[in-house]
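Chemist: One structure, pasted below without further comment.
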Amino acid sequence: MVVIESEEFVQEHCSDCGRKAQGLTPTFDPYTNSEVALCRSCLSAFVQRYQFPPGCCE
(Lines give C-alpha, C1' and ligand atoms only; values in the text may rest on other atoms or scores of the structure.)
Protein backbone atom coordinates (compact mmCIF):
# COMPACT_ATOMS: atom_id res chain seq x y z
CA MET A 1 0.00 0.00 0.00
CA VAL A 2 1.31 3.43 -0.93
CA VAL A 3 -0.01 6.48 0.89
CA ILE A 4 0.34 9.59 -1.22
CA GLU A 5 1.89 12.59 0.49
CA SER A 6 0.39 15.43 -1.52
CA GLU A 7 -1.46 18.63 -0.74
CA GLU A 8 -2.84 18.67 -4.30
CA PHE A 9 -5.05 15.63 -3.74
CA VAL A 10 -8.22 17.19 -2.32
CA GLN A 11 -11.47 15.27 -2.27
CA GLU A 12 -14.53 15.38 -0.04
CA HIS A 13 -16.10 12.00 -0.79
CA CYS A 14 -14.62 8.56 -0.21
CA SER A 15 -13.62 6.89 -3.46
CA ASP A 16 -14.91 3.53 -2.25
CA CYS A 17 -18.19 4.09 -0.39
CA GLY A 18 -18.98 7.60 -1.68
CA ARG A 19 -19.77 9.03 1.75
CA LYS A 20 -18.68 12.56 2.57
CA ALA A 21 -15.95 12.37 5.20
CA GLN A 22 -13.18 14.40 6.76
CA GLY A 23 -9.65 13.11 6.95
CA LEU A 24 -9.63 11.04 3.79
CA THR A 25 -6.38 9.17 3.21
CA PRO A 26 -5.00 9.52 -0.32
CA THR A 27 -3.78 6.10 -1.47
CA PHE A 28 -2.55 4.49 -4.67
CA ASP A 29 -4.51 1.41 -5.71
CA PRO A 30 -2.17 -0.89 -7.67
CA TYR A 31 -5.06 -3.04 -8.94
CA THR A 32 -6.83 -0.15 -10.69
CA ASN A 33 -3.64 1.88 -11.21
CA SER A 34 -5.29 4.99 -9.79
CA GLU A 35 -5.19 7.38 -6.86
CA VAL A 36 -8.07 7.03 -4.41
CA ALA A 37 -9.10 8.88 -1.25
CA LEU A 38 -10.49 6.59 1.43
CA CYS A 39 -12.33 7.16 4.71
CA ARG A 40 -11.15 5.28 7.80
CA SER A 41 -13.49 2.30 7.45
CA CYS A 42 -12.78 1.87 3.73
CA LEU A 43 -9.04 2.27 4.34
CA SER A 44 -9.18 -0.64 6.80
CA ALA A 45 -10.95 -2.80 4.21
CA PHE A 46 -8.46 -1.70 1.52
CA VAL A 47 -5.52 -2.72 3.72
CA GLN A 48 -7.21 -6.06 4.44
CA ARG A 49 -7.73 -6.73 0.71
CA TYR A 50 -4.15 -5.65 -0.04
CA GLN A 51 -2.66 -7.97 2.61
CA PHE A 52 -4.90 -10.94 1.74
CA PRO A 53 -5.72 -10.67 -2.01
CA PRO A 54 -7.43 -14.10 -2.32
CA GLY A 55 -9.65 -13.38 0.69
CA CYS A 56 -9.97 -15.00 4.07
CA CYS A 57 -11.29 -18.32 2.77
CA GLU A 58 -8.16 -19.34 0.87
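Chain labels A, B, ... are given in the sequence in which chains occur in the C-alpha coordinates; within each chain residues are numbered consecutively from 1, and ligands are likewise numbered from 1 in the order shown.
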Could you give me, as an NGL selection string, the residues within 12 Å of A:Ser15, counting only C-alpha atoms and dropping anything in the same chain fewer than 4 positions from it?
Modeler: :A and (10-11 or 19-21 or 24-29 or 34-43 or 46)
Chemist: Could those residues be written to a file, using N, CA, C and O atoms, as a tab-separated table (two decimals), in the first residue's frame?
Modeler:
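Contents of out-v1.tsv, as written:
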chain	number	residue	atom	x	y	z
A	10	VAL	N	-7.15	16.73	-3.20
A	10	VAL	CA	-8.22	17.19	-2.32
A	10	VAL	C	-9.53	16.60	-2.82
A	10	VAL	O	-9.89	16.73	-3.98
A	11	GLN	N	-10.21	15.92	-1.93
A	11	GLN	CA	-11.47	15.27	-2.27
A	11	GLN	C	-12.34	15.23	-1.04
A	11	GLN	O	-11.83	15.05	0.07
A	19	ARG	N	-19.31	8.16	0.67
A	19	ARG	CA	-19.77	9.03	1.75
A	19	ARG	C	-18.87	10.24	1.90
A	19	ARG	O	-17.67	10.16	1.66
A	20	LYS	N	-19.46	11.35	2.30
A	20	LYS	CA	-18.68	12.56	2.57
A	20	LYS	C	-18.00	12.37	3.92
A	20	LYS	O	-18.65	11.98	4.90
A	21	ALA	N	-16.70	12.60	3.97
A	21	ALA	CA	-15.95	12.37	5.20
A	21	ALA	C	-14.79	13.33	5.30
A	21	ALA	O	-14.28	13.81	4.29
A	24	LEU	N	-9.82	12.12	4.75
A	24	LEU	CA	-9.63	11.04	3.79
A	24	LEU	C	-8.14	10.79	3.59
A	24	LEU	O	-7.33	11.72	3.60
A	25	THR	N	-7.78	9.54	3.41
A	25	THR	CA	-6.38	9.17	3.21
A	25	THR	C	-6.14	8.92	1.73
A	25	THR	O	-6.69	7.98	1.16
A	26	PRO	N	-5.32	9.76	1.09
A	26	PRO	CA	-5.00	9.52	-0.32
A	26	PRO	C	-4.10	8.29	-0.44
A	26	PRO	O	-3.12	8.14	0.29
A	27	THR	N	-4.46	7.38	-1.32
A	27	THR	CA	-3.78	6.10	-1.47
A	27	THR	C	-3.69	5.73	-2.94
A	27	THR	O	-4.56	6.10	-3.72
A	28	PHE	N	-2.67	5.00	-3.31
A	28	PHE	CA	-2.55	4.49	-4.67
A	28	PHE	C	-3.03	3.05	-4.69
A	28	PHE	O	-2.57	2.21	-3.92
A	29	ASP	N	-3.97	2.77	-5.56
A	29	ASP	CA	-4.51	1.41	-5.71
A	29	ASP	C	-3.80	0.73	-6.87
A	29	ASP	O	-4.02	1.09	-8.03
A	34	SER	N	-4.73	3.65	-9.96
A	34	SER	CA	-5.29	4.99	-9.79
A	34	SER	C	-5.11	5.47	-8.35
A	34	SER	O	-4.86	4.68	-7.44
A	35	GLU	N	-5.24	6.77	-8.18
A	35	GLU	CA	-5.19	7.38	-6.86
A	35	GLU	C	-6.60	7.43	-6.30
A	35	GLU	O	-7.52	7.84	-7.00
A	36	VAL	N	-6.77	7.01	-5.06
A	36	VAL	CA	-8.07	7.03	-4.41
A	36	VAL	C	-7.94	7.72	-3.07
A	36	VAL	O	-6.86	7.78	-2.49
A	37	ALA	N	-9.04	8.26	-2.57
A	37	ALA	CA	-9.10	8.88	-1.25
A	37	ALA	C	-10.11	8.09	-0.44
A	37	ALA	O	-11.28	7.99	-0.81
A	38	LEU	N	-9.65	7.50	0.67
A	38	LEU	CA	-10.49	6.59	1.43
A	38	LEU	C	-10.76	7.10	2.84
A	38	LEU	O	-9.87	7.64	3.50
A	39	CYS	N	-12.00	6.86	3.32
A	39	CYS	CA	-12.33	7.16	4.71
A	39	CYS	C	-11.71	6.07	5.58
A	39	CYS	O	-11.16	5.09	5.08
A	40	ARG	N	-11.81	6.23	6.89
A	40	ARG	CA	-11.15	5.28	7.80
A	40	ARG	C	-11.66	3.86	7.64
A	40	ARG	O	-10.87	2.92	7.62
A	41	SER	N	-12.96	3.67	7.55
A	41	SER	CA	-13.49	2.30	7.45
A	41	SER	C	-13.11	1.66	6.11
A	41	SER	O	-12.76	0.48	6.06
A	42	CYS	N	-13.15	2.42	5.04
A	42	CYS	CA	-12.78	1.87	3.73
A	42	CYS	C	-11.27	1.64	3.64
A	42	CYS	O	-10.82	0.71	2.97
A	43	LEU	N	-10.48	2.47	4.32
A	43	LEU	CA	-9.04	2.27	4.34
A	43	LEU	C	-8.70	0.95	5.03
A	43	LEU	O	-7.84	0.21	4.56
A	46	PHE	N	-9.45	-1.74	2.59
A	46	PHE	CA	-8.46	-1.70	1.52
A	46	PHE	C	-7.17	-2.39	1.97
A	46	PHE	O	-6.61	-3.19	1.23
